[in-house]
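Structure, as structure tokens:
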Amino acid sequence: QVQLVESGGGLVQPGGSLRLSCAASGSIFSHNTMGWYRQAPGKERELVAIKTTGGSTNYADSVKGRFTISRDNAENTVYLQMNSLKPEDTAVYFCIYRVGSTGMAYWGKGTLVTVSS
């Protein structure tokens with residue numbers, strides 16, 4: 001079992017920045033993928049950004065150039081730096097931990113990001 005604890009969500013004005021954090025604990029495999037998905041009201045959950053322990057990264061086109069994913073493998077923690085936030089970025093952001101690149105996935109409870117003036 002893997003437990004995920006997210007933090008960093010909140011209310012921010014358009015153009016602002018937020019940083020999300022997610023710490024994993026439990027049965028951590030040395031090779032894993034961590035990252036973020038999001039779900040806006042009335043929409044399906046979608047990929048935001050993921051990063052493997054080896055450094056491979058994948059971003060949604062909608063966030064490229066604005067969001068940056070990073071991780072501390074020693075601390076089993078992943079971060080999402082979100083800049084130039086837009087109202088359409090408003091969503092619940094879920095942390096994901098996956099065994100390897102395609103193995104079993106674990107999800108955090110989610111943290112709400114609201115971009116509004």
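Residue names in the structure tokens use chain letters A, B, ... in the order shown, residue numbers from 1 in each chain, and ligand numbers from 1 in the order shown.
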
So which residues touch segment 35-45 of chain A within 7 Å, counting only C-alpha atoms, skipping near sequence neighbours fewer than 3 positions away, as number ranges by chain? A: 48-51, 78, 90-97

Let's have the selection written as a short mmCIF file (atom, residue, chain, number, x, y, z; two decimals), in the first residue's frame, with all heavy atoms.
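File produced: again33.cif:
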data_model
loop_
_atom_site.label_atom_id
_atom_site.label_comp_id
_atom_site.auth_asym_id
_atom_site.auth_seq_id
_atom_site.Cartn_x
_atom_site.Cartn_y
_atom_site.Cartn_z
N VAL A 48 -2.16 16.07 -16.00
CA VAL A 48 -1.52 17.38 -15.98
C VAL A 48 -0.02 17.20 -16.27
O VAL A 48 0.50 17.74 -17.23
CB VAL A 48 -1.71 18.07 -14.62
CG1 VAL A 48 -0.96 19.41 -14.60
CG2 VAL A 48 -3.19 18.28 -14.33
N ALA A 49 0.65 16.43 -15.42
CA ALA A 49 2.09 16.20 -15.59
C ALA A 49 2.50 15.00 -14.76
O ALA A 49 1.99 14.81 -13.65
CB ALA A 49 2.90 17.42 -15.18
N ILE A 50 3.40 14.19 -15.31
CA ILE A 50 3.96 13.07 -14.57
C ILE A 50 5.45 13.01 -14.79
O ILE A 50 5.97 13.51 -15.80
CB ILE A 50 3.32 11.72 -14.98
CG1 ILE A 50 3.41 11.51 -16.49
CG2 ILE A 50 1.88 11.63 -14.48
CD1 ILE A 50 2.93 10.14 -16.94
N LYS A 51 6.15 12.38 -13.83
CA LYS A 51 7.60 12.30 -13.92
C LYS A 51 8.04 10.98 -13.28
O LYS A 51 7.60 10.65 -12.18
CB LYS A 51 8.26 13.46 -13.18
CG LYS A 51 9.75 13.63 -13.43
CD LYS A 51 10.26 14.88 -12.73
CE LYS A 51 11.74 15.15 -13.01
NZ LYS A 51 11.93 15.66 -14.38
N VAL A 78 6.72 14.71 -4.89
CA VAL A 78 6.61 15.35 -6.19
C VAL A 78 5.99 16.73 -6.01
O VAL A 78 5.15 16.93 -5.14
CB VAL A 78 5.78 14.48 -7.17
CG1 VAL A 78 4.32 14.36 -6.73
CG2 VAL A 78 5.88 15.01 -8.59
N THR A 90 -8.81 25.88 -12.96
CA THR A 90 -9.57 25.56 -11.76
C THR A 90 -10.02 24.10 -11.80
O THR A 90 -10.65 23.66 -12.76
CB THR A 90 -10.80 26.48 -11.64
OG1 THR A 90 -10.35 27.83 -11.46
CG2 THR A 90 -11.67 26.06 -10.48
N ALA A 91 -9.67 23.37 -10.75
CA ALA A 91 -9.98 21.94 -10.70
C ALA A 91 -9.51 21.38 -9.37
O ALA A 91 -8.77 22.05 -8.62
CB ALA A 91 -9.29 21.19 -11.84
N VAL A 92 -9.93 20.17 -9.10
CA VAL A 92 -9.32 19.40 -8.02
C VAL A 92 -8.11 18.68 -8.61
O VAL A 92 -8.24 17.97 -9.62
CB VAL A 92 -10.30 18.39 -7.41
CG1 VAL A 92 -9.60 17.57 -6.32
CG2 VAL A 92 -11.51 19.13 -6.82
N TYR A 93 -6.98 18.86 -8.00
CA TYR A 93 -5.74 18.26 -8.48
C TYR A 93 -5.44 17.03 -7.62
O TYR A 93 -5.37 17.12 -6.40
CB TYR A 93 -4.60 19.27 -8.41
CG TYR A 93 -4.68 20.29 -9.51
CD1 TYR A 93 -5.69 21.24 -9.54
CD2 TYR A 93 -3.74 20.28 -10.54
CE1 TYR A 93 -5.78 22.16 -10.58
CE2 TYR A 93 -3.82 21.21 -11.58
CZ TYR A 93 -4.84 22.14 -11.59
OH TYR A 93 -4.92 23.05 -12.62
N PHE A 94 -5.24 15.92 -8.31
CA PHE A 94 -4.99 14.64 -7.64
C PHE A 94 -3.56 14.20 -7.89
O PHE A 94 -3.09 14.17 -9.04
CB PHE A 94 -5.94 13.56 -8.17
CG PHE A 94 -7.38 13.80 -7.86
CD1 PHE A 94 -8.19 14.51 -8.75
CD2 PHE A 94 -7.95 13.34 -6.69
CE1 PHE A 94 -9.53 14.72 -8.48
CE2 PHE A 94 -9.28 13.54 -6.40
CZ PHE A 94 -10.07 14.25 -7.30
N CYS A 95 -2.90 13.81 -6.83
CA CYS A 95 -1.58 13.22 -6.94
C CYS A 95 -1.71 11.74 -7.29
O CYS A 95 -2.62 11.05 -6.79
CB CYS A 95 -0.84 13.37 -5.62
SG CYS A 95 0.82 12.64 -5.58
N ILE A 96 -0.83 11.25 -8.15
CA ILE A 96 -0.81 9.84 -8.51
C ILE A 96 0.58 9.27 -8.27
O ILE A 96 1.59 9.93 -8.52
CB ILE A 96 -1.24 9.62 -9.97
CG1 ILE A 96 -1.27 8.12 -10.30
CG2 ILE A 96 -0.35 10.40 -10.93
CD1 ILE A 96 -1.85 7.79 -11.67
N TYR A 97 0.60 8.06 -7.74
CA TYR A 97 1.82 7.26 -7.65
C TYR A 97 1.55 5.97 -8.40
O TYR A 97 0.53 5.32 -8.17
CB TYR A 97 2.16 6.95 -6.19
CG TYR A 97 3.21 5.88 -6.02
CD1 TYR A 97 4.54 6.21 -5.86
CD2 TYR A 97 2.86 4.52 -6.05
CE1 TYR A 97 5.50 5.22 -5.73
CE2 TYR A 97 3.82 3.53 -5.91
CZ TYR A 97 5.14 3.89 -5.75
OH TYR A 97 6.09 2.90 -5.63
#

Residue list (strand (DSSP E or B), DSSP) for chain A, as an MDAnalysis selection string: chainID A and resid 2:7 10:12 18:26 32:39 46:52 57:59 67:72 77:82 91:99 105:107 111:115

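Proximity to Val2 of chain A was assessed for A:Tyr106, A:Phe67, A:Ser116, A:Lys86 counting only C-alpha atoms; the smallest distance is recorded for A:Tyr106.
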
Show me, as a ChimeraX atom specification, the residues that have an atom within 6 Å of Gly9 of chain A when counting only C-alpha atoms, minus same-chain residues fewer than 5 positions from it. /A:111-113

Would you mind exporting C-alpha atoms of the selected residues as an mmCIF file, in the first residue's frame?
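Below is the file that was written, out39.cif:
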data_model
loop_
_atom_site.group_PDB
_atom_site.id
_atom_site.type_symbol
_atom_site.label_atom_id
_atom_site.label_comp_id
_atom_site.auth_asym_id
_atom_site.auth_seq_id
_atom_site.Cartn_x
_atom_site.Cartn_y
_atom_site.Cartn_z
ATOM 1 C CA THR A 111 -6.517 19.419 -3.429
ATOM 2 C CA LEU A 112 -8.676 22.204 -4.834
ATOM 3 C CA VAL A 113 -7.133 24.921 -6.973
#

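For the pair atom CA of Arg19 of chain A and atom CA of Gly65 of chain A, the separation is 15.0 Å.
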